[in-house]
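A.B. asks: Quick one, final-v2.txt (compact mmCIF, C-alpha atoms):
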# COMPACT_ATOMS: atom_id res chain seq x y z
CA MET A 1 -2.79 22.29 8.28
CA THR A 2 -1.43 23.95 5.14
CA PHE A 3 1.99 24.93 3.91
CA PRO A 4 3.30 28.19 5.30
CA ASP A 5 3.12 31.70 4.10
CA THR A 6 4.79 31.64 0.71
CA PRO A 7 3.91 28.72 -1.56
CA PRO A 8 7.02 26.95 -2.89
CA SER A 9 8.04 26.98 -6.53
CA THR A 10 10.46 24.02 -6.39
CA VAL A 11 10.15 20.67 -4.64
CA THR A 12 12.33 17.61 -4.21
CA ILE A 13 10.48 14.32 -3.76
CA ILE A 14 12.39 11.49 -2.08
CA GLY A 15 11.00 8.19 -3.29
CA GLY A 16 10.15 7.10 -6.82
CA GLY A 17 7.45 4.61 -5.92
CA VAL A 18 3.85 5.03 -6.95
CA VAL A 19 3.08 7.52 -4.15
CA GLY A 20 6.11 9.70 -4.90
CA LEU A 21 5.37 9.68 -8.62
CA ALA A 22 1.71 10.57 -8.01
CA CYS A 23 2.83 13.49 -5.81
CA ALA A 24 5.11 14.62 -8.64
CA HIS A 25 2.22 14.49 -11.10
CA TYR A 26 -0.05 16.76 -9.06
CA LEU A 27 2.72 19.11 -7.96
CA SER A 28 3.90 19.52 -11.55
CA GLY A 29 0.32 20.12 -12.59
CA ALA A 30 0.12 22.89 -9.96
CA GLY A 31 3.05 24.65 -11.63
CA LEU A 32 5.93 23.60 -9.37
CA ARG A 33 9.30 22.48 -10.68
CA VAL A 34 9.72 18.92 -9.43
CA THR A 35 12.67 16.54 -9.00
CA VAL A 36 12.13 12.93 -7.91
CA LEU A 37 14.99 11.03 -6.27
CA GLU A 38 14.85 7.23 -6.17
CA ARG A 39 17.55 5.18 -4.44
CA ASP A 40 17.10 2.20 -6.76
CA ARG A 41 14.86 2.10 -9.84
CA LEU A 42 11.50 3.75 -10.15
CA GLY A 43 8.80 1.64 -8.57
CA SER A 44 11.12 -0.43 -6.40
CA GLY A 45 9.89 -1.21 -2.90
CA ALA A 46 6.22 -2.12 -2.63
CA SER A 47 4.95 -0.49 -5.83
CA ARG A 48 5.28 -3.12 -8.56
CA GLY A 49 4.49 -6.57 -7.18
CA ASN A 50 1.22 -5.93 -5.37
CA ALA A 51 -2.23 -7.22 -6.36
CA GLY A 52 -3.14 -4.03 -8.26
CA GLU A 53 -6.37 -3.29 -6.36
CA VAL A 54 -8.27 -0.03 -6.78
CA CYS A 55 -11.24 -0.44 -4.47
CA PRO A 56 -12.23 2.81 -2.72
CA ASP A 57 -15.57 1.31 -1.68
CA LEU A 58 -13.78 -1.27 0.47
CA VAL A 59 -11.12 0.74 2.31
CA GLU A 60 -10.74 0.03 6.01
CA PRO A 61 -7.86 -0.21 8.51
CA LEU A 62 -6.21 -3.57 9.05
CA ALA A 63 -6.74 -3.22 12.81
CA ALA A 64 -10.30 -4.51 13.12
CA PRO A 65 -12.22 -6.23 15.93
CA GLY A 66 -11.18 -9.86 16.14
CA VAL A 67 -8.15 -9.54 13.88
CA ILE A 68 -5.67 -10.16 16.70
CA GLY A 69 -7.26 -13.45 17.75
CA THR A 70 -7.54 -14.65 14.16
CA ALA A 71 -3.90 -13.80 13.48
CA LEU A 72 -2.62 -15.49 16.64
CA ARG A 73 -4.54 -18.69 15.89
CA GLY A 74 -2.81 -18.93 12.52
CA LEU A 75 0.74 -18.15 13.64
CA HIS A 76 1.68 -21.82 14.11
CA ARG A 77 0.70 -22.77 10.54
CA ARG A 78 3.35 -22.81 7.83
CA ASP A 79 0.73 -21.63 5.34
CA GLY A 80 -0.65 -18.99 7.70
CA ALA A 81 -1.24 -15.50 6.36
CA LEU A 82 0.80 -13.88 9.17
CA ALA A 83 4.43 -14.50 10.09
CA ILE A 84 6.45 -12.76 12.83
CA HIS A 85 10.14 -13.60 12.95
CA PRO A 86 12.08 -13.17 16.19
CA PRO A 87 13.85 -11.27 17.51
CA ALA A 88 11.06 -8.75 17.03
CA GLY A 89 12.87 -5.70 18.45
CA ALA A 90 11.47 -2.73 20.36
CA GLU A 91 10.11 -0.96 17.28
CA LEU A 92 7.97 -3.88 16.15
CA LEU A 93 6.78 -4.66 19.68
CA ARG A 94 5.71 -1.04 20.14
CA PHE A 95 3.90 -1.15 16.83
CA LEU A 96 2.07 -4.38 17.68
CA VAL A 97 0.93 -3.02 21.04
CA ARG A 98 -0.41 0.19 19.46
CA PHE A 99 -1.98 -1.83 16.65
CA GLY A 100 -3.77 -4.03 19.19
CA MET A 101 -5.07 -0.97 21.05
CA ARG A 102 -6.74 0.21 17.83
CA ALA A 103 -8.40 -3.09 16.97
CA THR A 104 -11.71 -1.93 18.42
CA SER A 105 -15.06 -1.20 16.78
CA ARG A 106 -14.79 2.53 17.53
CA HIS A 107 -11.26 2.97 16.16
CA HIS A 108 -12.04 0.80 13.15
CA ALA A 109 -15.16 2.78 12.24
CA ARG A 110 -13.31 6.09 12.53
CA GLY A 111 -10.42 4.80 10.47
CA ALA A 112 -12.67 3.45 7.74
CA ALA A 113 -14.47 6.80 7.53
CA ALA A 114 -11.16 8.66 7.29
CA LEU A 115 -9.83 6.40 4.55
CA GLY A 116 -13.12 6.67 2.70
CA ALA A 117 -12.87 10.47 2.79
CA LEU A 118 -9.33 10.39 1.38
CA ALA A 119 -10.33 7.87 -1.31
CA ARG A 120 -13.40 9.84 -2.38
CA GLY A 121 -13.25 10.50 -6.13
CA THR A 122 -10.53 7.90 -6.68
CA PHE A 123 -12.08 6.38 -9.80
CA GLY A 124 -12.28 9.84 -11.33
CA LEU A 125 -8.61 10.47 -10.55
CA PHE A 126 -7.59 7.21 -12.23
CA GLU A 127 -9.78 8.02 -15.22
CA GLU A 128 -8.06 11.40 -15.56
CA LEU A 129 -4.70 9.62 -15.47
CA GLU A 130 -5.90 7.16 -18.13
CA ALA A 131 -6.88 10.10 -20.34
CA ALA A 132 -3.34 11.47 -19.87
CA GLY A 133 -1.82 8.18 -21.07
CA VAL A 134 -1.24 6.61 -17.64
CA ASP A 135 -3.04 3.35 -18.34
CA GLY A 136 -2.55 0.27 -16.18
CA GLU A 137 -4.87 -1.79 -18.41
CA ALA A 138 -7.51 -1.91 -15.70
CA HIS A 139 -10.22 -4.52 -15.29
CA LYS A 140 -13.30 -2.61 -14.12
CA ASP A 141 -15.91 -5.29 -13.53
CA GLY A 142 -15.62 -5.73 -9.78
CA PHE A 143 -14.10 -8.31 -7.42
CA LEU A 144 -15.28 -11.80 -6.55
CA PHE A 145 -14.87 -12.87 -2.92
CA ALA A 146 -14.78 -16.66 -2.56
CA PHE A 147 -14.96 -18.75 0.62
CA PRO A 148 -14.90 -22.39 1.69
CA SER A 149 -18.34 -22.20 3.37
CA ARG A 150 -21.63 -20.31 3.30
CA GLU A 151 -21.13 -19.26 6.91
CA TYR A 152 -17.78 -17.65 6.09
CA ALA A 153 -19.30 -15.83 3.11
CA ASP A 154 -22.27 -14.57 5.12
CA GLY A 155 -19.95 -13.03 7.74
CA ALA A 156 -17.83 -11.28 5.12
CA LEU A 157 -20.90 -10.04 3.27
CA ALA A 158 -22.30 -8.50 6.46
CA ALA A 159 -19.01 -6.67 7.05
CA PHE A 160 -19.00 -5.23 3.53
CA ARG A 161 -22.59 -4.13 3.86
CA ARG A 162 -21.56 -2.14 6.95
CA LEU A 163 -19.10 -0.35 4.65
CA ALA A 164 -21.95 0.28 2.18
CA ALA A 165 -20.02 -1.64 -0.47
CA PRO A 166 -21.83 -2.12 -3.81
CA ILE A 167 -22.77 -5.81 -3.53
CA ALA A 168 -24.03 -7.32 -6.78
CA PRO A 169 -27.70 -8.42 -6.92
CA GLY A 170 -28.22 -11.97 -5.76
CA GLY A 171 -26.03 -11.76 -2.66
CA VAL A 172 -24.22 -14.97 -1.81
CA LEU A 173 -23.61 -17.35 -4.73
CA GLU A 174 -23.28 -21.10 -4.25
CA GLY A 175 -22.88 -24.18 -6.41
CA ALA A 176 -23.66 -23.68 -10.09
CA ARG A 177 -24.21 -19.93 -9.66
CA LEU A 178 -20.73 -19.47 -8.21
CA ALA A 179 -19.19 -21.71 -10.88
CA ALA A 180 -20.92 -19.68 -13.59
CA ALA A 181 -19.68 -16.44 -12.07
CA GLU A 182 -16.07 -17.70 -11.98
CA PRO A 183 -15.26 -20.93 -13.87
CA SER A 184 -11.57 -20.77 -12.87
CA LEU A 185 -12.37 -21.78 -9.29
CA THR A 186 -12.51 -25.35 -8.03
CA GLU A 187 -15.14 -26.89 -5.80
CA GLY A 188 -13.04 -25.72 -2.85
CA ALA A 189 -14.81 -22.38 -3.27
CA ARG A 190 -18.32 -23.17 -2.01
CA ALA A 191 -19.76 -19.69 -1.56
CA GLY A 192 -19.00 -16.16 -2.64
CA PHE A 193 -20.28 -12.81 -3.81
CA VAL A 194 -19.34 -10.02 -6.20
CA VAL A 195 -18.56 -6.44 -5.19
CA GLU A 196 -19.28 -4.30 -8.22
CA ARG A 197 -17.36 -1.38 -9.76
CA GLN A 198 -13.95 -2.08 -8.19
CA TRP A 199 -10.87 -2.09 -10.45
CA SER A 200 -7.68 -4.08 -10.74
CA LEU A 201 -4.70 -3.07 -12.85
CA ASP A 202 -1.09 -3.93 -13.57
CA PRO A 203 0.85 -1.84 -11.03
CA SER A 204 4.20 -2.18 -12.79
CA LEU A 205 2.73 -0.99 -16.08
CA PHE A 206 0.99 1.86 -14.24
CA VAL A 207 4.29 2.99 -12.67
CA ASP A 208 6.11 2.87 -16.02
CA ARG A 209 3.45 4.89 -17.82
CA LEU A 210 3.21 7.41 -15.00
CA ALA A 211 6.99 7.90 -15.19
CA GLU A 212 6.74 8.42 -18.96
CA ARG A 213 4.04 11.04 -18.41
CA LEU A 214 6.17 12.85 -15.83
CA ARG A 215 9.21 12.96 -18.11
CA SER A 216 7.11 14.42 -20.91
CA ASP A 217 5.83 17.04 -18.43
CA GLY A 218 9.39 18.10 -17.56
CA VAL A 219 9.73 16.39 -14.19
CA GLU A 220 13.32 15.33 -13.44
CA LEU A 221 13.51 11.65 -12.39
CA VAL A 222 16.82 10.58 -10.86
CA GLU A 223 17.43 6.88 -10.21
CA GLY A 224 20.27 5.50 -8.09
CA ALA A 225 20.20 8.52 -5.76
CA ARG A 226 20.62 7.28 -2.19
CA VAL A 227 19.88 10.02 0.31
CA SER A 228 22.41 10.58 3.08
CA SER A 229 20.81 13.61 4.75
CA ILE A 230 18.15 16.29 4.55
CA VAL A 231 19.02 19.84 5.62
CA ASP A 232 16.17 22.24 6.40
CA ARG A 233 17.30 25.80 7.15
CA SER A 234 17.20 29.42 5.98
CA GLY A 235 13.92 28.95 4.17
CA ARG A 236 15.31 26.27 1.82
CA THR A 237 15.96 22.54 1.84
CA GLU A 238 18.97 20.56 0.73
CA VAL A 239 18.98 16.83 0.02
CA ARG A 240 22.41 15.21 -0.12
CA THR A 241 22.61 12.00 -2.11
CA SER A 242 25.00 9.64 -3.84
CA ALA A 243 24.01 11.39 -7.10
CA GLY A 244 24.72 14.90 -5.85
CA THR A 245 23.03 17.60 -3.78
CA PHE A 246 19.55 18.84 -4.65
CA ARG A 247 18.17 22.17 -3.39
CA ALA A 248 14.54 23.25 -3.42
CA ASP A 249 11.98 25.23 -1.47
CA THR A 250 10.56 22.10 0.08
CA VAL A 251 10.95 18.32 0.33
CA VAL A 252 8.34 15.57 0.21
CA ILE A 253 9.43 12.29 1.81
CA ALA A 254 7.56 9.50 0.01
CA ALA A 255 10.10 6.74 0.53
CA GLY A 256 7.84 4.05 1.95
CA ILE A 257 9.45 2.22 4.87
CA GLY A 258 12.66 4.16 4.17
CA SER A 259 10.89 7.31 5.29
CA ARG A 260 11.46 6.30 8.90
CA GLU A 261 15.25 6.66 8.74
CA LEU A 262 15.02 9.92 6.79
CA VAL A 263 12.77 11.43 9.46
CA ARG A 264 15.14 10.26 12.17
CA GLY A 265 17.83 12.36 10.53
CA LEU A 266 15.60 15.36 11.33
CA GLY A 267 15.39 14.42 15.01
CA ARG A 268 11.93 12.84 14.83
CA ASP A 269 10.67 9.26 14.90
CA ILE A 270 7.52 7.69 13.48
CA ASP A 271 5.83 4.39 14.24
CA LEU A 272 6.32 2.78 10.85
CA VAL A 273 7.22 -0.87 10.31
CA ALA A 274 7.57 -3.04 7.23
CA GLY A 275 4.71 -5.49 6.72
CA LYS A 276 6.15 -7.55 3.89
CA GLY A 277 3.92 -8.94 1.17
CA TYR A 278 4.83 -11.57 -1.42
CA SER A 279 3.60 -12.38 -4.91
CA PHE A 280 4.35 -14.43 -8.01
CA SER A 281 2.63 -15.25 -11.28
CA VAL A 282 1.39 -18.55 -12.72
CA ALA A 283 -0.36 -19.72 -15.86
CA ALA A 284 -3.93 -20.95 -15.35
CA GLU A 285 -6.53 -22.27 -17.79
CA PRO A 286 -8.98 -20.71 -17.59
CA PRO A 287 -7.60 -17.65 -15.78
CA PRO A 288 -9.94 -15.71 -13.49
CA SER A 289 -12.20 -13.31 -15.36
CA ARG A 290 -11.73 -10.68 -12.65
CA LEU A 291 -9.79 -10.16 -9.42
CA VAL A 292 -10.63 -12.88 -6.90
CA HIS A 293 -10.20 -12.63 -3.12
CA LEU A 294 -9.79 -16.02 -1.47
CA GLY A 295 -11.21 -14.98 1.89
CA ALA A 296 -10.09 -17.84 4.13
CA ALA A 297 -6.72 -18.20 2.42
CA LYS A 298 -5.98 -14.43 2.57
CA VAL A 299 -4.74 -14.62 -1.03
CA VAL A 300 -5.63 -12.43 -4.01
CA LEU A 301 -5.70 -13.68 -7.62
CA THR A 302 -5.32 -10.90 -10.20
CA PRO A 303 -5.52 -11.58 -13.95
CA MET A 304 -2.66 -9.80 -15.73
CA GLY A 305 -2.40 -10.60 -19.39
CA LYS A 306 -2.01 -14.34 -19.93
CA ARG A 307 -0.96 -15.02 -16.35
CA VAL A 308 -2.39 -14.69 -12.87
CA ARG A 309 -0.65 -12.73 -10.13
CA VAL A 310 -0.99 -14.53 -6.79
CA ALA A 311 -0.39 -12.24 -3.83
CA GLY A 312 -0.70 -12.51 -0.08
CA THR A 313 0.85 -12.86 3.38
CA MET A 314 1.91 -10.37 6.04
CA GLU A 315 5.40 -10.84 7.40
CA PHE A 316 7.06 -8.83 10.15
CA GLU A 317 10.78 -8.92 10.85
CA ARG A 318 13.71 -6.53 11.21
CA ASP A 319 15.10 -7.09 7.70
CA ALA A 320 12.63 -5.34 5.38
CA ASP A 321 14.30 -6.65 2.21
CA ARG A 322 14.87 -10.31 3.06
CA PHE A 323 13.15 -12.77 0.73
CA ARG A 324 11.94 -16.00 2.33
CA GLN A 325 11.07 -18.75 -0.14
CA ARG A 326 8.84 -20.50 2.38
CA ARG A 327 6.44 -17.54 2.34
CA ILE A 328 5.91 -18.14 -1.38
CA GLU A 329 5.31 -21.80 -0.60
CA ALA A 330 2.79 -20.79 2.08
CA ILE A 331 0.82 -18.80 -0.50
CA VAL A 332 0.88 -21.75 -2.89
CA ALA A 333 -0.41 -24.08 -0.15
CA ALA A 334 -3.20 -21.65 0.73
CA ALA A 335 -4.32 -20.96 -2.87
CA ARG A 336 -3.86 -24.38 -4.47
CA PRO A 337 -7.26 -25.76 -3.33
CA TYR A 338 -9.12 -22.95 -5.11
CA LEU A 339 -7.60 -22.20 -8.53
CA ARG A 340 -8.28 -24.73 -11.27
CA HIS A 341 -5.49 -25.93 -13.60
CA ALA A 342 -2.81 -23.53 -12.32
CA ASP A 343 0.79 -24.50 -13.05
CA TRP A 344 2.10 -24.02 -9.52
CA ASP A 345 5.55 -25.38 -10.42
CA ASP A 346 6.11 -22.75 -13.11
CA ARG A 347 6.13 -19.70 -10.87
CA GLN A 348 7.56 -16.51 -12.28
CA GLU A 349 8.18 -12.98 -10.98
CA GLU A 350 8.57 -14.08 -7.36
CA TRP A 351 8.62 -10.84 -5.37
CA VAL A 352 8.67 -9.37 -1.88
CA GLY A 353 7.80 -5.78 -1.00
CA PRO A 354 7.95 -3.92 2.34
CA ARG A 355 4.58 -2.24 2.87
CA PRO A 356 4.87 0.75 5.27
CA MET A 357 2.47 -0.02 8.11
CA THR A 358 1.12 2.42 10.72
CA PRO A 359 -0.62 1.30 13.93
CA ASP A 360 -3.89 3.05 13.10
CA GLY A 361 -3.90 1.99 9.43
CA LEU A 362 -3.89 5.58 8.16
CA PRO A 363 -1.15 7.16 6.04
CA LEU A 364 1.04 10.02 7.25
CA ILE A 365 0.52 13.02 4.98
CA GLY A 366 1.70 16.48 5.96
CA PRO A 367 4.55 18.47 7.50
CA VAL A 368 7.08 16.93 9.88
CA PRO A 369 6.65 18.76 13.21
CA GLY A 370 9.40 21.36 13.56
CA HIS A 371 10.15 21.19 9.83
CA PRO A 372 7.36 22.93 7.89
CA ARG A 373 9.30 22.69 4.62
CA VAL A 374 9.52 18.88 4.89
CA LEU A 375 6.35 16.87 4.25
CA LEU A 376 5.63 13.18 4.66
CA ALA A 377 3.61 11.07 2.23
CA THR A 378 4.01 7.52 3.50
CA GLY A 379 2.47 4.86 5.71
CA HIS A 380 -0.19 3.72 3.24
CA ASN A 381 -0.19 0.18 4.62
CA MET A 382 -1.61 -2.06 1.84
CA LEU A 383 -3.38 0.78 0.02
CA GLY A 384 -0.48 2.62 -1.61
CA LEU A 385 -1.45 2.08 -5.25
CA MET A 386 -5.10 2.96 -4.73
CA LEU A 387 -4.44 6.00 -2.53
CA ALA A 388 -1.50 7.35 -4.54
CA PRO A 389 -3.52 9.80 -6.70
CA ALA A 390 -5.55 11.03 -3.72
CA THR A 391 -2.34 11.48 -1.73
CA GLY A 392 -0.71 13.39 -4.57
CA ARG A 393 -3.75 15.66 -4.77
CA LEU A 394 -3.67 16.29 -1.01
CA VAL A 395 0.08 17.02 -0.99
CA ALA A 396 -0.36 19.49 -3.84
CA GLY A 397 -3.17 21.12 -1.89
CA LEU A 398 -0.99 21.41 1.21
CA LEU A 399 1.81 23.10 -0.72
CA THR A 400 -0.46 25.49 -2.60
CA GLY A 401 -2.78 26.32 0.30
CA THR A 402 -5.88 24.71 -1.20
CA ALA A 403 -6.12 21.52 0.90
CA ASP A 404 -9.28 20.72 2.85
CA PRO A 405 -8.22 21.52 6.47
CA ARG A 406 -10.36 18.77 7.97
CA LEU A 407 -8.98 16.11 5.64
CA SER A 408 -5.38 17.24 6.03
CA SER A 409 -5.62 17.32 9.83
CA THR A 410 -6.88 13.72 9.86
CA PHE A 411 -3.70 12.43 8.22
CA ALA A 412 -1.20 14.88 9.74
CA PRO A 413 1.93 13.04 10.97
CA VAL A 414 1.82 14.79 14.35
CA ARG A 415 -0.47 12.02 15.65
CA ASN A 416 2.24 9.40 15.15
CA ILE A 417 5.53 11.20 15.67
CA ARG A 418 7.87 11.87 18.58
CA ARG A 419 11.37 13.12 19.20
CA TYR A 420 14.07 10.68 18.21
CA SER A 421 16.66 9.70 20.79
CA TRP A 422 19.85 8.20 19.42
CA ARG A 423 20.71 6.94 22.91
CA VAL A 424 17.43 5.07 23.35
CA HIS A 425 17.55 3.69 19.81
CA GLY A 426 21.09 2.46 20.30
CA ALA A 427 20.12 0.71 23.50
CA CYS A 428 17.45 -1.25 21.66
Just give me the structure of the file as structure tokens.

C.D. replies:
Amino acid sequence: MTFPDTPPSTVTIIGGGVVGLACAHYLSGAGLRVTVLERDRLGSGASRGNAGEVCPDLVEPLAAPGVIGTALRGLHRRDGALAIHPPAGAELLRFLVRFGMRATSRHHARGAAALGALARGTFGLFEELEAAGVDGEAHKDGFLFAFPSREYADGALAAFRRLAAPIAPGGVLEGARLAAAEPSLTEGARAGFVVERQWSLDPSLFVDRLAERLRSDGVELVEGARVSSIVDRSGRTEVRTSAGTFRADTVVIAAGIGSRELVRGLGRDIDLVAGKGYSFSVAAEPPPSRLVHLGAAKVVLTPMGKRVRVAGTMEFERDADRFRQRRIEAIVAAARPYLRHADWDDRQEEWVGPRPMTPDGLPLIGPVPGHPRVLLATGHNMLGLMLAPATGRLVAGLLTGTADPRLSSTFAPVRNIRRYSWRVHGAC
């Protein structure tokens, strides 16, 4: 699916997170005049506080065989990786049912292949951005996956081999070999392995430098612009905001979880819920030498300067912005047995971000049905930073008529969209 007959010359992007900014970069590079509207500050939402992973060799949907049982068994634990807060509401219940239906081997394999196709060439895209001054100070020496037992590590290694991930020679490391590979870990980590080539970077720094690049390229970035409505008629679009009205040939909605309400204003609804993630930073001596996945704890340790970002958890509830201190405490409890000499009482940059989750784990990229001048670029689940450049490239291709039809049809929002009924929504 490509953009209609006459390619646009102007575009308004709603959402100044990493996906919206990446779309602006590629659209500006294609010769369009671009305005980005952000309701808060650039990078607010889920863009700044994540673990900073760029790992195209490891992409797969969250809905995987066995994930439902594992999640349910951990729901009763205060330090569990998953939290669901009642009342869940009809939207979340519908999402969870559709998510469960896709947690099969067939759906998972298809989803992993689709994400892999979108992520193809990702390292090259980030290298091009680095050359343009968009540098997130990346670590490029792979990820270490650490586990409390050899059995746990063997199972994870087999799963990554099915993805054809670049496992480092030597396979599973134990004892002195694991300690030599990552001295920052305690004896709680008994087995692990390294996946080569993957990157980690500072997402906040990446967002800031991407914004600087866009300003120098002539892209208009407007902060504090809360959108009240989108009007699509007479071959043009109009976006009404608290900062004024913006007119363009087309609109790209890249507002993360906020995209759902904006689409509803157009008479459509999408299955998109907020899966909230939390993070904070601590000092550790020594810090990890590379990004570390604590497999059983479901926590990621990312070295960023002199501190370590500690990120994890998946929390579902109606309030996408609510911060719950006990979720930070749950991450501390899960990670404490693994990281040596961390100052857990001196936590800084405590953060929560609403990740836009889709039932099939795939983003929504393409026109809103019935509104060919309005495109979606949202629903990236936990892969927004990594898939932002690839998404921007695909959106630019859609608007200029150069997109790969097979790739664009895979992520078209029509698979996950329906008419919106105000009466039904009000009854819920």

A.B. asks: Just the residues within 6 Å of A:Arg209, please, counting only C-alpha atoms, with nothing from its chain fewer than 3 positions along; format it as an MDAnalysis selection string.

C.D. replies: chainID A and resid 134 206 212

A.B. asks: Please report the interatomic distance between atom CA of A:Ala64 and atom CA of A:Arg327 in Å with one decimal.

C.D. replies: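 Separation of atom CA of A:Ala64 and atom CA of A:Arg327: 23.8 Å.
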
A.B. asks: Between A:Val352, A:Val227, A:Leu37, A:Leu362, which is the closest to A:His108 once you count only C-alpha atoms?

C.D. replies: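 Smallest separation from A:His108 among the options: A:Leu362.
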
A.B. asks: My list of candidates is A:Pro7, A:Gly111, A:Gly188, A:Pro356. Which is closest to A:Ala63 when distances are computed with all atoms listed in the file?

C.D. replies: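 Smallest distance to A:Ala63 is found for A:Gly111.
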
A.B. asks: Hey, what's within 8 Å of A:Thr186 if we count all atoms listed in the file and toss same-chain stuff fewer than 6 positions away? As a PDB file with C-alpha atoms, keeping the file's coordinate frame, please?

C.D. replies:
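Result file follows (out.pdb):
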ATOM      1  CA  PRO A 337      -7.260 -25.760  -3.330  1.00  0.00           C
ATOM      2  CA  TYR A 338      -9.120 -22.950  -5.110  1.00  0.00           C
ATOM      3  CA  LEU A 339      -7.600 -22.200  -8.530  1.00  0.00           C
ATOM      4  CA  ARG A 340      -8.280 -24.730 -11.270  1.00  0.00           C
TER       5      ARG A 340
END

A.B. asks: Taking into account all atoms listed in the file, which residue in the set A:Glu317, A:Asp232, A:Asp217, A:Glu53 is nearest to A:Asp202?

C.D. replies: A:Glu53

A.B. asks: Got a sec: who's within 12 Å of stretch 402-405 of chain A, counting all atoms listed in the file, leaving out chain neighbours fewer than 2 positions off, as an mmCIF file with C-alpha atoms, in the frame of the given file?

C.D. replies:
data_model
loop_
_atom_site.group_PDB
_atom_site.id
_atom_site.type_symbol
_atom_site.label_atom_id
_atom_site.label_comp_id
_atom_site.auth_asym_id
_atom_site.auth_seq_id
_atom_site.Cartn_x
_atom_site.Cartn_y
_atom_site.Cartn_z
ATOM 1 C CA MET A 1 -2.790 22.290 8.280
ATOM 2 C CA THR A 2 -1.430 23.950 5.140
ATOM 3 C CA PHE A 3 1.990 24.930 3.910
ATOM 4 C CA PRO A 4 3.300 28.190 5.300
ATOM 5 C CA PRO A 7 3.910 28.720 -1.560
ATOM 6 C CA ALA A 30 0.120 22.890 -9.960
ATOM 7 C CA ALA A 117 -12.870 10.470 2.790
ATOM 8 C CA LEU A 118 -9.330 10.390 1.380
ATOM 9 C CA ILE A 365 0.520 13.020 4.980
ATOM 10 C CA GLY A 366 1.700 16.480 5.960
ATOM 11 C CA ALA A 390 -5.550 11.030 -3.720
ATOM 12 C CA THR A 391 -2.340 11.480 -1.730
ATOM 13 C CA GLY A 392 -0.710 13.390 -4.570
ATOM 14 C CA ARG A 393 -3.750 15.660 -4.770
ATOM 15 C CA LEU A 394 -3.670 16.290 -1.010
ATOM 16 C CA VAL A 395 0.080 17.020 -0.990
ATOM 17 C CA ALA A 396 -0.360 19.490 -3.840
ATOM 18 C CA GLY A 397 -3.170 21.120 -1.890
ATOM 19 C CA LEU A 398 -0.990 21.410 1.210
ATOM 20 C CA LEU A 399 1.810 23.100 -0.720
ATOM 21 C CA THR A 400 -0.460 25.490 -2.600
ATOM 22 C CA LEU A 407 -8.980 16.110 5.640
ATOM 23 C CA SER A 408 -5.380 17.240 6.030
ATOM 24 C CA SER A 409 -5.620 17.320 9.830
ATOM 25 C CA THR A 410 -6.880 13.720 9.860
ATOM 26 C CA PHE A 411 -3.700 12.430 8.220
ATOM 27 C CA ALA A 412 -1.200 14.880 9.740
#

A.B. asks: Which residues are near stretch 251-263 of chain A? Cut-off 6 Å, only C-alpha atoms, ignore same chain within fewer than 6 positions. Put them as a list in words.

C.D. replies: Val11, Thr12, Ile13, Ile14, Gly15, Gly20, Pro356, Val374, Leu375, Leu376, Ala377 and Thr378 of chain A

A.B. asks: With only C-alpha atoms as the basis for distance, which of A:Ser281, A:Ser204, A:Ser105, A:Ser234 is at the shortest distance from A:Ala159?

C.D. replies: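 Closest to A:Ala159 of all the choices is A:Ser105.
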
A.B. asks: Between atom CA of A:Arg290 and atom CA of A:Val54, what is the spacing in Å?

C.D. replies: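 Rounded to one decimal, the two atoms are 12.6 Å apart.
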